[in-house]
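As stored in start-v9.txt (compact mmCIF, C-alpha atoms and all ligand atoms):
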# COMPACT_ATOMS: atom_id res chain seq x y z
CA MET A 1 147.32 142.60 155.92
CA ILE A 2 145.88 142.82 152.43
CA MET A 3 142.14 143.19 152.48
CA PRO A 4 140.14 141.83 149.55
CA THR A 5 138.18 144.43 147.65
CA ALA A 6 134.41 144.29 147.54
CA SER A 7 134.42 143.00 144.01
CA GLU A 8 136.93 140.29 144.92
CA LEU A 9 134.63 139.18 147.70
CA ILE A 10 131.69 139.06 145.34
CA SER A 11 133.49 137.15 142.66
CA HIS A 12 134.87 134.70 145.21
CA HIS A 13 131.49 134.14 146.60
CA HIS A 14 129.99 133.60 143.20
CA ALA A 15 132.99 131.80 141.75
CA HIS A 16 133.58 133.33 138.37
CA PRO A 17 131.15 131.97 135.81
CA LEU A 18 132.55 129.70 133.16
CA ASP A 19 133.62 131.57 130.05
CA PHE A 20 131.07 129.73 127.92
CA GLU A 21 132.09 131.53 124.76
CA SER A 22 135.61 130.21 124.69
CA VAL A 23 135.40 126.65 126.06
CA ARG A 24 135.88 123.94 123.47
CA GLU A 25 134.65 121.07 125.60
CA VAL A 26 132.48 120.52 128.65
CA PRO A 27 134.74 120.65 131.74
CA ASP A 28 134.29 118.07 134.48
CA SER A 29 132.66 120.72 136.69
CA HIS A 30 129.80 120.92 134.16
CA ALA A 31 129.55 117.26 133.04
CA TRP A 32 126.30 115.66 134.21
CA PRO A 33 126.25 111.87 134.37
CA ASP A 34 122.48 111.38 134.58
CA LEU A 35 121.01 113.38 131.72
CA HIS A 36 119.22 110.27 130.52
CA ASP A 37 117.53 109.33 133.78
CA HIS A 38 114.25 109.03 131.84
CA PRO A 39 113.76 108.37 128.16
CA THR A 40 112.96 111.33 125.94
CA ALA A 41 109.67 110.98 124.11
CA SER A 42 109.77 110.91 120.35
CA ALA A 43 108.40 113.89 118.48
CA GLN A 44 105.36 111.90 117.40
CA GLY A 45 104.49 111.07 121.00
CA ALA A 46 102.18 112.95 123.33
CA VAL A 47 102.27 116.73 123.08
CA VAL A 48 101.84 119.29 125.83
CA PRO A 49 98.38 120.82 125.22
CA VAL A 50 98.03 124.11 123.37
CA ILE A 51 95.08 126.22 124.55
CA ASP A 52 93.70 129.19 122.64
CA LEU A 53 92.50 131.66 125.26
CA SER A 54 90.69 133.80 122.72
CA ALA A 55 88.41 130.94 121.67
CA THR A 56 85.74 131.82 124.20
CA ALA A 57 83.10 129.74 122.52
CA THR A 58 84.97 126.52 123.12
CA ASN A 59 85.38 124.57 126.31
CA VAL A 60 88.49 126.43 127.46
CA LEU A 61 87.88 125.62 131.13
CA GLU A 62 87.67 121.89 130.42
CA GLN A 63 90.85 122.10 128.36
CA LEU A 64 92.56 123.89 131.24
CA ALA A 65 91.38 121.28 133.74
CA ARG A 66 92.63 118.41 131.58
CA ALA A 67 95.98 120.09 130.93
CA CYS A 68 96.54 120.91 134.60
CA GLU A 69 95.51 117.46 135.82
CA SER A 70 97.48 115.41 133.37
CA TRP A 71 100.48 117.61 132.56
CA GLY A 72 100.77 120.53 134.95
CA ALA A 73 101.80 122.59 131.93
CA PHE A 74 100.37 123.90 128.68
CA GLN A 75 101.05 126.47 125.99
CA VAL A 76 98.71 129.41 125.50
CA THR A 77 97.95 131.29 122.32
CA GLY A 78 95.41 134.08 121.90
CA HIS A 79 96.70 135.57 125.16
CA GLY A 80 96.79 139.15 123.89
CA VAL A 81 100.45 139.87 124.68
CA PRO A 82 101.77 141.83 121.66
CA PRO A 83 104.35 139.84 119.64
CA GLY A 84 106.49 142.97 119.40
CA LEU A 85 106.80 143.09 123.17
CA LEU A 86 107.97 139.46 123.24
CA ARG A 87 110.62 140.31 120.67
CA ARG A 88 111.77 143.36 122.64
CA VAL A 89 111.97 141.46 125.91
CA GLU A 90 114.13 138.87 124.17
CA VAL A 91 116.46 141.57 122.89
CA ALA A 92 116.61 143.09 126.38
CA ALA A 93 117.49 139.71 127.88
CA ARG A 94 120.13 139.01 125.26
CA GLY A 95 121.55 142.47 125.85
CA LEU A 96 121.88 141.92 129.58
CA PHE A 97 123.68 138.62 129.10
CA ALA A 98 125.95 140.14 126.46
CA LEU A 99 127.43 142.51 129.05
CA PRO A 100 131.02 141.75 129.98
CA THR A 101 131.41 139.43 132.95
CA ASN A 102 132.76 142.10 135.28
CA ARG A 103 129.68 144.26 134.65
CA LYS A 104 127.37 141.34 135.30
CA LEU A 105 129.23 140.57 138.51
CA GLU A 106 128.57 144.11 139.70
CA ALA A 107 124.98 142.94 139.80
CA ALA A 108 125.78 139.60 141.46
CA ARG A 109 122.99 138.30 143.65
CA PRO A 110 124.05 138.56 147.29
CA ALA A 111 124.17 135.28 149.24
CA ASP A 112 121.01 136.13 151.15
CA GLY A 113 119.20 138.00 148.36
CA VAL A 114 116.69 137.21 145.65
CA SER A 115 117.63 139.70 142.95
CA GLY A 116 120.67 139.82 140.79
CA TYR A 117 122.94 137.95 138.45
CA GLY A 118 124.19 134.44 139.08
CA ARG A 119 123.56 130.73 139.04
CA ALA A 120 120.12 129.28 139.55
CA ARG A 121 119.26 129.17 143.23
CA ILE A 122 118.82 125.42 143.13
CA SER A 123 122.46 124.93 142.01
CA CYS A 124 123.51 124.11 145.55
CA PHE A 125 121.49 120.88 145.44
CA PHE A 126 123.54 119.47 142.57
CA PRO A 127 127.15 118.32 142.42
CA LYS A 128 127.62 119.70 138.89
CA LEU A 129 127.21 123.22 137.55
CA MET A 130 124.58 124.14 134.99
CA TRP A 131 125.21 125.43 131.48
CA SER A 132 123.41 128.69 132.12
CA GLU A 133 123.39 132.03 133.85
CA GLY A 134 120.45 134.03 135.14
CA PHE A 135 119.19 137.46 136.15
CA THR A 136 116.53 137.49 138.82
CA ILE A 137 114.49 140.66 139.10
CA ALA A 138 112.20 141.04 142.11
CA GLY A 139 110.47 144.38 142.39
CA SER A 140 110.74 147.26 139.98
CA PRO A 141 113.31 147.02 137.18
CA LEU A 142 113.95 150.72 137.66
CA ASP A 143 115.07 150.14 141.22
CA HIS A 144 117.32 147.46 139.88
CA ALA A 145 118.86 149.68 137.30
CA ARG A 146 119.78 152.01 140.17
CA THR A 147 120.95 149.49 142.70
CA LEU A 148 122.49 146.87 140.48
CA TRP A 149 124.50 149.35 138.46
CA PRO A 150 124.85 152.20 140.93
CA ASP A 151 127.28 154.18 138.81
CA ASP A 152 124.82 154.39 135.95
CA ASP A 153 121.75 156.41 135.43
CA PRO A 154 118.83 154.01 135.16
CA LEU A 155 118.53 155.03 131.54
CA ALA A 156 122.02 153.77 130.89
CA PHE A 157 120.36 150.45 130.42
CA TRP A 158 119.69 151.79 126.96
CA TYR A 159 122.98 150.70 125.61
CA VAL A 160 122.18 147.05 125.98
CA TYR A 161 118.92 147.62 124.19
CA ASP A 162 119.52 149.66 121.13
CA ALA A 163 117.25 149.07 118.19
CA ARG A 164 120.00 150.11 115.79
CA VAL A 165 122.15 147.18 116.82
CA PRO A 166 120.67 143.96 115.54
CA THR A 167 123.18 141.54 117.01
CA PRO A 168 123.28 141.45 120.79
CA HIS A 169 126.68 139.89 120.41
CA ALA A 170 128.14 143.21 119.36
CA LEU A 171 126.44 145.15 122.13
CA HIS A 172 129.16 145.35 124.68
CA HIS A 173 131.60 146.77 122.20
CA LEU A 174 129.51 149.91 122.00
CA PRO A 175 130.92 152.98 123.69
CA ARG A 176 129.17 153.73 126.97
CA PRO A 177 127.39 157.04 127.28
CA SER A 178 128.82 159.37 129.89
CA ASN A 179 125.36 160.53 130.82
CA ALA A 180 121.76 159.73 130.03
CA ALA A 181 121.37 162.72 127.77
CA GLU A 182 123.56 161.03 125.23
CA LYS A 183 120.94 158.41 124.80
CA PRO A 184 120.75 157.52 121.12
CA CYS A 185 117.72 157.58 118.87
CA CYS A 186 116.15 154.57 120.50
CA ASP A 187 114.17 155.83 123.48
CA THR A 188 113.20 152.49 124.95
CA THR A 189 115.37 151.27 127.77
CA CYS A 190 115.82 147.79 129.03
CA SER A 191 113.99 148.63 132.21
CA ASP A 192 111.10 150.17 130.23
CA VAL A 193 110.73 146.93 128.31
CA ILE A 194 110.91 144.82 131.44
CA GLU A 195 108.40 147.07 133.21
CA GLU A 196 106.00 146.83 130.30
CA TYR A 197 106.46 143.08 130.13
CA LYS A 198 105.78 142.63 133.84
CA GLU A 199 102.58 144.63 133.50
CA GLU A 200 101.34 142.50 130.60
CA MET A 201 102.30 139.30 132.43
CA LYS A 202 100.46 140.45 135.53
CA GLN A 203 97.23 140.93 133.59
CA LEU A 204 97.59 137.56 131.93
CA ALA A 205 98.49 135.82 135.20
CA ARG A 206 95.34 137.22 136.85
CA LYS A 207 93.22 136.04 133.98
CA LEU A 208 94.78 132.57 134.04
CA MET A 209 94.45 132.34 137.83
CA ARG A 210 90.75 133.17 137.58
CA MET A 211 90.19 130.68 134.78
CA MET A 212 92.17 127.93 136.48
CA LEU A 213 90.19 128.44 139.68
CA MET A 214 86.98 128.19 137.66
CA SER A 215 88.29 125.07 135.94
CA LEU A 216 88.45 123.53 139.43
CA GLY A 217 84.70 124.07 139.79
CA LEU A 218 84.57 127.47 141.43
CA THR A 219 81.99 129.91 140.12
CA GLU A 220 83.15 133.20 138.66
CA VAL A 221 82.13 134.93 141.88
CA GLU A 222 83.93 132.38 144.03
CA ALA A 223 87.07 132.58 141.90
CA GLU A 224 86.97 136.35 142.20
CA ALA A 225 86.45 136.14 145.96
CA GLU A 226 89.27 133.64 146.34
CA ALA A 227 91.45 136.08 144.46
CA GLU A 228 90.35 139.07 146.54
CA THR A 229 91.32 137.44 149.80
CA GLY A 230 94.72 136.58 148.59
CA TRP A 231 97.02 136.68 145.72
CA ILE A 232 95.63 138.48 142.73
CA GLY A 233 93.41 141.06 144.34
CA PRO A 234 94.21 144.67 145.10
CA ARG A 235 96.34 143.62 148.04
CA ASP A 236 99.13 142.51 145.80
CA GLU A 237 100.50 146.04 145.50
CA ALA A 238 100.80 146.38 149.26
CA GLY A 239 101.89 142.79 149.71
CA GLY A 240 105.15 143.41 147.90
CA MET A 241 106.74 140.36 146.38
CA SER A 242 104.06 139.06 144.07
CA ALA A 243 106.10 138.25 141.02
CA VAL A 244 109.71 137.61 140.20
CA LEU A 245 111.08 137.90 136.70
CA GLN A 246 113.75 135.34 135.89
CA MET A 247 115.82 135.70 132.74
CA ASN A 248 117.83 132.65 131.75
CA SER A 249 120.65 132.37 129.26
CA TYR A 250 121.88 129.07 127.82
CA PRO A 251 125.00 129.58 125.71
CA VAL A 252 125.75 127.15 122.89
CA CYS A 253 127.39 124.02 124.18
CA PRO A 254 130.06 121.86 122.49
CA ASP A 255 128.63 118.65 123.98
CA PRO A 256 124.92 119.05 124.83
CA ASP A 257 124.59 115.40 125.82
CA ARG A 258 126.76 115.96 128.85
CA ALA A 259 125.58 119.40 129.96
CA MET A 260 122.44 120.52 131.75
CA GLY A 261 120.91 123.94 131.10
CA MET A 262 118.61 123.94 134.10
CA ALA A 263 118.27 120.87 136.29
CA ALA A 264 114.89 119.23 136.87
CA HIS A 265 112.71 121.10 139.35
CA THR A 266 109.22 122.32 140.03
CA ASP A 267 108.60 126.06 140.39
CA SER A 268 107.88 127.42 143.87
CA THR A 269 105.10 129.59 142.49
CA LEU A 270 101.35 129.67 141.98
CA LEU A 271 102.03 129.65 138.29
CA THR A 272 104.86 130.53 135.96
CA LEU A 273 104.48 132.13 132.54
CA LEU A 274 107.46 131.19 130.43
CA PHE A 275 108.64 132.69 127.17
CA GLN A 276 111.21 130.46 125.48
CA SER A 277 111.70 132.50 122.29
CA ASN A 278 112.19 130.30 119.26
CA THR A 279 114.80 127.87 120.51
CA SER A 280 113.89 124.46 121.80
CA GLY A 281 115.15 123.44 125.25
CA LEU A 282 112.30 123.12 127.72
CA GLN A 283 111.27 119.58 128.64
CA VAL A 284 108.50 118.54 130.99
CA LEU A 285 108.34 115.23 132.79
CA GLN A 286 105.30 113.23 131.81
CA VAL A 287 104.38 110.57 134.31
CA VAL A 288 102.95 107.78 132.22
CA GLY A 289 101.73 105.09 134.59
CA ASP A 290 101.13 106.08 138.19
CA ASN A 291 99.09 103.34 139.79
CA GLY A 292 101.35 103.01 142.81
CA ARG A 293 103.14 99.97 141.44
CA ASP A 294 104.47 100.88 138.07
CA ARG A 295 105.37 104.48 137.57
CA THR A 296 107.28 105.40 134.48
CA ALA A 297 108.11 108.82 133.24
CA ARG A 298 109.58 110.44 130.16
CA TRP A 299 110.88 113.81 129.14
CA VAL A 300 108.69 115.57 126.62
CA THR A 301 110.11 118.54 124.72
CA VAL A 302 107.85 121.59 124.57
CA PRO A 303 108.35 122.81 121.00
CA PRO A 304 108.69 126.58 120.56
CA MET A 305 105.56 128.06 118.98
CA PRO A 306 105.83 131.60 117.62
CA GLY A 307 103.95 133.96 119.92
CA ALA A 308 102.93 131.29 122.43
CA LEU A 309 103.66 131.36 126.15
CA ILE A 310 104.08 128.32 128.39
CA VAL A 311 102.19 128.05 131.65
CA ASN A 312 103.57 125.87 134.45
CA VAL A 313 101.51 124.89 137.46
CA GLY A 314 103.65 125.70 140.51
CA ASP A 315 103.87 124.12 143.96
CA LEU A 316 101.61 126.74 145.54
CA PHE A 317 98.83 126.03 143.06
CA GLN A 318 99.16 122.37 143.93
CA ILE A 319 98.55 123.35 147.56
CA LEU A 320 95.63 125.61 146.62
CA SER A 321 93.98 122.89 144.56
CA ASN A 322 94.52 120.39 147.39
CA GLY A 323 96.65 118.27 145.10
CA ARG A 324 94.24 118.11 142.16
CA TYR A 325 96.58 120.06 139.92
CA ARG A 326 100.19 118.94 140.20
CA SER A 327 103.19 121.18 139.77
CA VAL A 328 105.17 120.09 136.75
CA VAL A 329 108.73 118.76 136.91
CA HIS A 330 110.69 120.41 134.11
CA ARG A 331 114.23 121.13 132.97
CA ALA A 332 116.09 122.88 130.17
CA VAL A 333 118.56 121.16 127.88
CA VAL A 334 121.16 122.94 125.76
CA ASN A 335 122.25 122.69 122.16
CA ARG A 336 125.24 123.04 119.90
CA SER A 337 124.18 125.84 117.61
CA SER A 338 121.93 128.51 119.10
CA HIS A 339 122.24 130.58 122.22
CA ARG A 340 118.87 130.22 123.94
CA VAL A 341 117.27 132.70 126.31
CA SER A 342 114.07 132.29 128.28
CA VAL A 343 112.11 134.68 130.48
CA ALA A 344 109.98 133.34 133.31
CA TYR A 345 107.36 135.42 135.11
CA MET A 346 107.13 133.65 138.43
CA CYS A 347 103.88 134.49 140.05
CA GLY A 348 103.08 134.14 143.73
CA PRO A 349 100.82 135.61 146.41
CA PRO A 350 101.68 138.76 148.36
CA ALA A 351 104.17 137.99 151.09
CA ALA A 352 101.65 138.14 153.91
CA SER A 353 98.90 135.92 152.52
CA LYS A 354 98.61 132.31 153.47
CA VAL A 355 98.05 129.81 150.70
CA GLU A 356 95.99 126.80 151.69
CA PRO A 357 93.63 124.31 150.05
CA ILE A 358 90.49 126.08 148.82
CA GLY A 359 87.53 125.50 151.15
CA LYS A 360 85.24 124.29 148.39
CA LEU A 361 87.67 121.57 147.37
CA VAL A 362 87.87 120.21 150.87
CA GLY A 363 85.07 117.98 152.10
CA PRO A 364 84.19 115.26 154.58
CA GLY A 365 85.90 112.51 152.59
CA CYS A 366 88.76 114.70 151.57
CA GLY A 367 90.45 116.84 154.18
CA PRO A 368 93.05 119.50 153.45
CA VAL A 369 96.21 117.75 152.34
CA TYR A 370 98.47 120.76 152.96
CA ARG A 371 98.88 123.23 155.78
CA PRO A 372 98.73 127.00 155.13
CA VAL A 373 102.00 128.63 154.08
CA THR A 374 103.06 132.07 152.94
CA TRP A 375 105.22 132.44 149.85
CA PRO A 376 108.34 133.52 151.79
CA GLU A 377 107.86 130.58 154.17
CA TYR A 378 107.58 128.17 151.30
CA LEU A 379 110.61 129.61 149.50
CA SER A 380 112.67 129.14 152.60
CA VAL A 381 111.48 125.53 153.01
CA LYS A 382 112.30 124.94 149.34
CA GLY A 383 115.75 126.45 149.85
CA LYS A 384 116.43 123.80 152.48
CA LEU A 385 114.55 120.74 151.26
CA PHE A 386 114.28 121.29 147.49
CA ASP A 387 112.23 118.41 146.03
CA LYS A 388 111.03 117.32 149.48
CA ALA A 389 109.53 120.76 150.18
CA LEU A 390 105.95 120.02 149.11
CA ALA A 391 105.81 116.80 151.09
CA SER A 392 107.06 118.66 154.14
CA VAL A 393 104.08 121.03 154.15
CA MET A 394 101.57 118.18 154.05
CA ARG A 395 99.40 117.76 157.09
CA THR A 396 99.86 114.63 159.04
CA GLN A 397 96.83 112.36 159.39
CA ALA A 398 96.31 113.47 162.98
CA SER A 399 96.49 117.21 162.33
CA SER A 400 93.94 117.11 159.50
CA GLU A 401 91.48 115.21 161.65
CA HIS A 402 91.56 118.01 164.16
CA THR A 403 90.66 120.78 161.73
C1 LIG B 1 110.45 133.28 143.56
C2 LIG B 1 111.42 132.40 143.43
C3 LIG B 1 111.31 131.14 142.64
C4 LIG B 1 112.74 130.71 142.49
C5 LIG B 1 113.28 131.08 143.85
C6 LIG B 1 112.78 132.52 144.00
C7 LIG B 1 113.64 133.44 143.12
C8 LIG B 1 114.31 132.67 141.94
C9 LIG B 1 113.42 131.56 141.37
C10 LIG B 1 114.19 130.55 140.51
C11 LIG B 1 114.30 130.94 139.03
C12 LIG B 1 115.06 129.84 138.26
C13 LIG B 1 114.56 128.43 138.61
C14 LIG B 1 114.42 128.27 140.13
C15 LIG B 1 114.11 126.83 140.48
C16 LIG B 1 115.65 128.82 140.80
O1 LIG B 1 116.66 128.22 141.07
O2 LIG B 1 115.46 130.18 141.05
C17 LIG B 1 113.40 129.27 140.63
C18 LIG B 1 113.01 129.24 142.12
C19 LIG B 1 111.86 128.29 142.42
O3 LIG B 1 110.86 128.25 141.69
O4 LIG B 1 111.98 127.56 143.41
O1 LIG B 2 114.52 127.96 130.25
C1 LIG B 2 113.56 127.23 130.41
O2 LIG B 2 112.93 126.76 129.46
C2 LIG B 2 113.13 126.84 131.80
C3 LIG B 2 113.43 127.87 132.83
C4 LIG B 2 112.83 127.53 134.16
O3 LIG B 2 112.40 126.44 134.41
C5 LIG B 2 112.74 128.57 135.21
O4 LIG B 2 113.24 129.69 135.02
O5 LIG B 2 112.14 128.25 136.27
FE FE B 3 111.20 126.43 136.25
How would this structure read if it were set down as structure tokens?
Ligand SMILES: C=C1C[C@]23C[C@H]1CC[C@H]2[C@@]12CCC[C@@](C)(C(=O)O1)[C@H]2[C@@H]3C(=O)O
Ligand SMILES: O=C(O)CCC(=O)C(=O)O
Ligand SMILES: [Fe+2]
Amino acid sequence: MIMPTASELISHHHAHPLDFESVREVPDSHAWPDLHDHPTASAQGAVVPVIDLSATATNVLEQLARACESWGAFQVTGHGVPPGLLRRVEVAARGLFALPTNRKLEAARPADGVSGYGRARISCFFPKLMWSEGFTIAGSPLDHARTLWPDDDPLAFWYVYDARVPTPHALHHLPRPSNAAEKPCCDTTCSDVIEEYKEEMKQLARKLMRMMLMSLGLTEVEAEAEAETGWIGPRDEAGGMSAVLQMNSYPVCPDPDRAMGMAAHTDSTLLTLLFQSNTSGLQVLQVVGDNGRDRTARWVTVPPMPGALIVNVGDLFQILSNGRYRSVVHRAVVNRSSHRVSVAYMCGPPAASKVEPIGKLVGPGCGPVYRPVTWPEYLSVKGKLFDKALASVMRTQASSEHT
């Protein structure tokens, strides 16, 4: 009997990705019939709010409240993340995706795992494949360098991020070093950049969490206390999984009207900080009339702004805010001319903490809408129910009367 090799098993399981570079048309497997389920708003229409975090004198909290209530998403400027770091993280991401397919498949995400290379997790809910590939990094990028590419020294990541090579396209034609000591002049590795980026994102996520809690009417002390008991306090080191870094790659597409970069979804996070570099693609769903009877929605493109980051309200923040802030439905479309990458810092509570509606937002006339859930619990519900996941963690009338 001929046994399949480990790599055959992996590539079977993950069905070889489409060779995006060489296809001349969108194959049936990737042709989406319903790209125009909602109209796309014209450029002159409503715009996702842009909030300058450094403008302390202005009503930033009110702006946050309005943005979170009506959009569930906004762009931030004045966030303090160095522009150079954003550029380097983009180069790192492009470098990873420029690796040859067989190298990327060595890092394929196992069926039951979170980390690794592959399709978006939500792919299984759709009959068509997306025009994208992704790297999911949970935990330390250094651990990943070791476990994802076990035959390489962690520093071997260098060769996908080499400042001397301006075009990521050419990267995988570089000779590989036989050991780390042959590292070239550039002493920053991909994992260094990712590590540094995660640290910056963590600081910013904490700040945004605190401000968003205050925008809900909590005092600074209450916001701090809320944080201490859960997701952004000191416990997040011990609690393990508190952020996942998701790198997405959207190759150029010969027929963007028929392909989907990333299908519509909400993020299963408290909040997501998204860097979309300078290529348009992200769209958020704006619900225009929602009075029970007539509910219309349209896709609104979030235009790239140099140096800005996008903040998405996630499902867990919707739970926390007892439904006052809604997680935003969003998707990514593709284009004909530029290869787009995006990097999402997906922020959640430590594995052990329960997320539930904040006490202060719950009152006599307004009981808790959701039951407490941990992040892993919610991710597993989402993995089964997808867009019905939030509704499934709502309390029934009877159970909220009893608490
Ligand atoms: C911490 C998370 C959040 C996950 C699941 C898990 C790891 C991978 C994340 C993403 C990243 C890409 C979009 C998404 C929709 C997907 O397919 O995988 C995300 C998903 C979610 O937000 O539900
Ligand atoms: O690439 C984008 O703009 C969106 C990516 C996204 O929604 C995600 O990673 O969750
Ligand atoms: Fe998302």
* Environment of ligand LIG 2 (chain B) within 7 Å, counting all atoms listed in the file, reported as an MDAnalysis selection string -> chainID A and resid 246:248 262 267 276 281:282 330:332 341:344
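For the pair atom CA of A:Ala297 and atom CA of A:His38, the separation is 6.3 Å.
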Quick one: which chain A residues come within 7 Å of ligand LIG 1 (chain B), and what is the nearest atom pair for each with the distance in Å to one decimal, counting all atoms listed in the file, rows ordered by chain and ascending number, as JSON lines?
{"residue": "A:Val114", "atom": "CA", "partner": "B:LIG1", "partner_atom": "C7", "distance": 5.5}
{"residue": "A:Ala120", "atom": "CA", "partner": "B:LIG1", "partner_atom": "O1", "distance": 3.9}
{"residue": "A:Arg121", "atom": "CA", "partner": "B:LIG1", "partner_atom": "O1", "distance": 3.5}
{"residue": "A:Ile122", "atom": "CA", "partner": "B:LIG1", "partner_atom": "O1", "distance": 4.1}
{"residue": "A:Ser123", "atom": "CA", "partner": "B:LIG1", "partner_atom": "O1", "distance": 6.7}
{"residue": "A:Thr136", "atom": "CA", "partner": "B:LIG1", "partner_atom": "C8", "distance": 6.2}
{"residue": "A:Val244", "atom": "CA", "partner": "B:LIG1", "partner_atom": "C1", "distance": 5.5}
{"residue": "A:Gln246", "atom": "CA", "partner": "B:LIG1", "partner_atom": "C11", "distance": 5.4}
{"residue": "A:His265", "atom": "CA", "partner": "B:LIG1", "partner_atom": "C15", "distance": 6.0}
{"residue": "A:Thr266", "atom": "CA", "partner": "B:LIG1", "partner_atom": "O3", "distance": 6.4}
{"residue": "A:Asp267", "atom": "CA", "partner": "B:LIG1", "partner_atom": "O3", "distance": 3.4}
{"residue": "A:Ser268", "atom": "CA", "partner": "B:LIG1", "partner_atom": "O3", "distance": 3.8}
{"residue": "A:Thr269", "atom": "CA", "partner": "B:LIG1", "partner_atom": "O3", "distance": 6.0}
{"residue": "A:Met346", "atom": "CA", "partner": "B:LIG1", "partner_atom": "C1", "distance": 6.1}
{"residue": "A:Leu379", "atom": "CA", "partner": "B:LIG1", "partner_atom": "C5", "distance": 6.4}
{"residue": "A:Lys382", "atom": "CA", "partner": "B:LIG1", "partner_atom": "O4", "distance": 6.5}
Could you save those same residues with C-alpha atoms as a PDB file, in the coordinates of the input?
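Listed below is the output, part39.pdb:
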ATOM      1  CA  VAL A 114     116.690 137.210 145.650  1.00  0.00           C
ATOM      2  CA  ALA A 120     120.120 129.280 139.550  1.00  0.00           C
ATOM      3  CA  ARG A 121     119.260 129.170 143.230  1.00  0.00           C
ATOM      4  CA  ILE A 122     118.820 125.420 143.130  1.00  0.00           C
ATOM      5  CA  SER A 123     122.460 124.930 142.010  1.00  0.00           C
ATOM      6  CA  THR A 136     116.530 137.490 138.820  1.00  0.00           C
ATOM      7  CA  VAL A 244     109.710 137.610 140.200  1.00  0.00           C
ATOM      8  CA  GLN A 246     113.750 135.340 135.890  1.00  0.00           C
ATOM      9  CA  HIS A 265     112.710 121.100 139.350  1.00  0.00           C
ATOM     10  CA  THR A 266     109.220 122.320 140.030  1.00  0.00           C
ATOM     11  CA  ASP A 267     108.600 126.060 140.390  1.00  0.00           C
ATOM     12  CA  SER A 268     107.880 127.420 143.870  1.00  0.00           C
ATOM     13  CA  THR A 269     105.100 129.590 142.490  1.00  0.00           C
ATOM     14  CA  MET A 346     107.130 133.650 138.430  1.00  0.00           C
ATOM     15  CA  LEU A 379     110.610 129.610 149.500  1.00  0.00           C
ATOM     16  CA  LYS A 382     112.300 124.940 149.340  1.00  0.00           C
TER      17      LYS A 382
END
For a quick check of your reading of the model, name the residues lying within 12 Å of the coordinate (112.6, 121.9, 126.9), counting all atoms listed in the file, and write them as a PyMOL selection string. chain A and resi 40-41+48+73+250+260-264+274-285+299-304+310+329-335+340-342
Counting only C-alpha atoms, give me one row per residue of stretch 248-357 of chain A with an atom at most 9 Å from an atom of stretch 215-225 of chain A, showing the shortest contact pair and its distance in Å to one decimal, sorted by chain then residue number, as JSON lines.
{"residue": "A:Ser321", "atom": "CA", "partner": "A:Leu216", "partner_atom": "CA", "distance": 7.6}
{"residue": "A:Arg324", "atom": "CA", "partner": "A:Leu216", "partner_atom": "CA", "distance": 8.4}
{"residue": "A:Tyr325", "atom": "CA", "partner": "A:Leu216", "partner_atom": "CA", "distance": 8.9}
Using all atoms listed in the file, which of the listed residues (A:Gly45, A:Gly367, A:Gly113, A:Gly72) sits closest to A:Leu270?
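Selected residue with least distance to A:Leu270: A:Gly72.
Interatomic distance, atom CA of A:Ala351 against atom CA of A:Leu309: 25.8 Å.
Considering the residues A:Phe74, A:Tyr345, A:Tyr197, A:Trp375 and counting only C-alpha atoms and all ligand atoms, ligand FE 3 (chain B) has its shortest atom-to-atom contact with A:Tyr345.
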All residues 9 Å or closer to A:Ser140, all atoms listed in the file, same chain fewer than 4 positions away omitted, as a list in words
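In the requested format, the answer is His144, Ala145, Ser191, Ile194 and Glu195 of chain A.
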- Message: Counting only C-alpha atoms, which residues sit no farther than 12 Å from the position (91.9, 123.2, 148.7) in the file's frame? I'd like them as a ChimeraX atom specification.
- Response: /A:213,216-218,226,316-325,355-363,366-372
Can those selected residues be exported to a file as an mmCIF file, in the frame of the given file so that it contains C-alpha atoms?
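Done, and the output landed in result.cif:
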data_model
loop_
_atom_site.group_PDB
_atom_site.id
_atom_site.type_symbol
_atom_site.label_atom_id
_atom_site.label_comp_id
_atom_site.auth_asym_id
_atom_site.auth_seq_id
_atom_site.Cartn_x
_atom_site.Cartn_y
_atom_site.Cartn_z
ATOM 1 C CA LEU A 213 90.190 128.440 139.680
ATOM 2 C CA LEU A 216 88.450 123.530 139.430
ATOM 3 C CA GLY A 217 84.700 124.070 139.790
ATOM 4 C CA LEU A 218 84.570 127.470 141.430
ATOM 5 C CA GLU A 226 89.270 133.640 146.340
ATOM 6 C CA LEU A 316 101.610 126.740 145.540
ATOM 7 C CA PHE A 317 98.830 126.030 143.060
ATOM 8 C CA GLN A 318 99.160 122.370 143.930
ATOM 9 C CA ILE A 319 98.550 123.350 147.560
ATOM 10 C CA LEU A 320 95.630 125.610 146.620
ATOM 11 C CA SER A 321 93.980 122.890 144.560
ATOM 12 C CA ASN A 322 94.520 120.390 147.390
ATOM 13 C CA GLY A 323 96.650 118.270 145.100
ATOM 14 C CA ARG A 324 94.240 118.110 142.160
ATOM 15 C CA TYR A 325 96.580 120.060 139.920
ATOM 16 C CA VAL A 355 98.050 129.810 150.700
ATOM 17 C CA GLU A 356 95.990 126.800 151.690
ATOM 18 C CA PRO A 357 93.630 124.310 150.050
ATOM 19 C CA ILE A 358 90.490 126.080 148.820
ATOM 20 C CA GLY A 359 87.530 125.500 151.150
ATOM 21 C CA LYS A 360 85.240 124.290 148.390
ATOM 22 C CA LEU A 361 87.670 121.570 147.370
ATOM 23 C CA VAL A 362 87.870 120.210 150.870
ATOM 24 C CA GLY A 363 85.070 117.980 152.100
ATOM 25 C CA CYS A 366 88.760 114.700 151.570
ATOM 26 C CA GLY A 367 90.450 116.840 154.180
ATOM 27 C CA PRO A 368 93.050 119.500 153.450
ATOM 28 C CA VAL A 369 96.210 117.750 152.340
ATOM 29 C CA TYR A 370 98.470 120.760 152.960
ATOM 30 C CA ARG A 371 98.880 123.230 155.780
ATOM 31 C CA PRO A 372 98.730 127.000 155.130
#
